[in-house]
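Student: First, the structure itself, so that you have it in front of you.
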Amino acid sequence: MTGATGTLGTALRPRLTAADHTVPAASRSPPNEAKGSVNWVELDVTDGSNIKSALENIDVVIHAATAPQGDTAAVDVQGTKRLIEAAEVAGVEHFVYPSIVGIDDIPYSYYEHKAIAETAVAKSDIPTTIIRSTQFHAFIAELLDFVAKLPVWPLPTKLQLQPIDVGEVADIIVEHATLTASGRTDPIGGPEVRSVRELARAYRAARNLRRPILHVPLPGDTVAAFRAGDATCPDHRGGVLTWEEWLAQRYVTGPNETTTQMESSM
Ligand SMILES: NC(=O)c1ccc[n+]([C@@H]2O[C@H](COP(=O)([O-])OP(=O)(O)OC[C@H]3O[C@@H](n4cnc5c(N)ncnc54)[C@H](OP(=O)(O)O)[C@@H]3O)[C@@H](O)[C@H]2O)c1
């Protein structure tokens with residue numbers, strides 16, 4: 001599995017192990033305690049070093065490495081192509097690729113690169129499974145954590161999202177970690193489609209904060225697509241854990257009204 005230290009990879013590792021899979025976990029920077037462990041591989045998909053050895057005796061690849069804040073052309077497009085070509089040579093039997101709902105409709109360079117990577121995966125000689133999901137709760141919380149440092153929260157409040165628990169996405173991916181490929185699966189969405197205003201208000205309440213939320217009408221096609229709901233899949237509400245339930249797990253309010261951040265649930 002690539003991207004083993006990421007949000008999804010961290011949720012996948014214990015679930016794959018619990019399902020009795022032997023899981024060599026790969027990323028550029030394995031945790032210190034994992035260095036030297038046979039179950040960890042230092043692997044950078046942009047230079048190909050270690051890819052060949054990492055794929056020895058592997059039946060199924062789950063490719064969860066991505067670089068949304070980095071060079072998506074190098075990591076998500078070229079890195080994915082490099083990995084899948086090496087997987088073909090190595091005789092991998094099934095290549096599973098997590099992806100994102102709406103990437104064909106939302107003009108955003110990261111999503112455009114994810115779509116190109118998906119096409120490369122789909123065209124491969126290896127049987128593949130592509131599983132799109134909506135945004136993870138943890139990802140939205142990370143964005144709000146950043147805004148929360150400001151005295152006023154300027155937000156594009158009308159954007160529509162359908163946040164999902166990463167653990168629920170991981171559970172479905174684990175179900176597909178077999179020798180049987182499914183091609184393109186139905187997308188997986190969270191239980192509710194919510195506006196950014198609603199998500200931010202719930203986040204503010206969970207953290208006992210009182211900062212005002214300021215609507216910022218951002219221009220552009222990307223924002224318009226999110227506003228139109230292109231990042232959601234209301235007909236596929238596979239997730240169960242709501243945003244408020246997830247926030248309640250993440251933040252625990254003590255008696256003196258201070259809020260403690262808990263480890264995010266998997
Ligand atoms: N976040 C969301 O809300 C969301 C929603 C739907 C689908 N997805 C999809 O789920 C998958 C995982 O996303 P995520 O949110 O878990 O990502 P993430 O938290 O940003 O983690 C990215 C992972 O990729 C690794 N990585 C980055 N650059 C690399 C490189 N050059 N070579 C090898 N590994 C590299 C990182 O580890 P190192 O830095 O140690 O290399 C890390 O383990 C992606 O396909 C993403 O599109 C995400």
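Ordering of the structure tokens sets the chain letters (A, B, ...), residue numbers begin anew at 1 in every chain, and ligands are numbered from 1 in the order given.
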Name the residues of range 117-266 of chain A that fall into strand (DSSP E) according to DSSP on the backbone, using the chain letters and numbers of this document, as an MDAnalysis selection string.
Tutor: chainID A and resid 128:133 153:155 160:161 183:184 194:195 213:215 251:253 259:261
Student: Write out as an NGL selection string the set of residues from range 126-248 of chain A that DSSP, computed on the backbone, places in alpha helix (DSSP H).
Tutor: :A and (137-147 or 166-175 or 196-206 or 221-227 or 243-248)
Student: Identify which of the residues A:Val196, A:Ala86, A:Val223, A:Ala18 lies closest to Trp153 in chain A, counting only C-alpha atoms when measuring atom-to-atom distances.
Tutor: A:Val196
Student: Kindly give the distance, in Å, that separates CA of Cys233 in chain A and CA of Gly190 in chain A, rounded to a single decimal.
Tutor: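 Interatomic distance here is 8.6 Å.
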Student: Step by step, measure atom-to-atom distances between ligand 1 and each residue using only C-alpha atoms and all ligand atoms, keep those at most 6 Å, then write them as a PyMOL selection string.
Tutor: chain A and resi 3-9+27-30+43-46+64-67+75+98-100+133-136+139
Student: Give me, please, the distance in Å between CA of Val92 in chain A and CA of Ile126 in chain A, quoted to one decimal.
Tutor: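 Computed distance, CA of Val92 in chain A to CA of Ile126 in chain A, equals 7.1 Å.
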Student: Could you check which of A:Thr242, A:Asn39, A:Thr222, A:Asn208 is closest to Ser109 in chain A, using only C-alpha atoms?
Tutor: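 Selected residue with least distance to Ser109 in chain A: A:Thr222.
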Student: Go through A:Val60, A:Ala26, A:Met1, A:Val252 and flag the residue nearest Thr128 in chain A, using only C-alpha atoms for the distances.
Tutor: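 Among the listed residues, A:Val60 lies closest to Thr128 in chain A.
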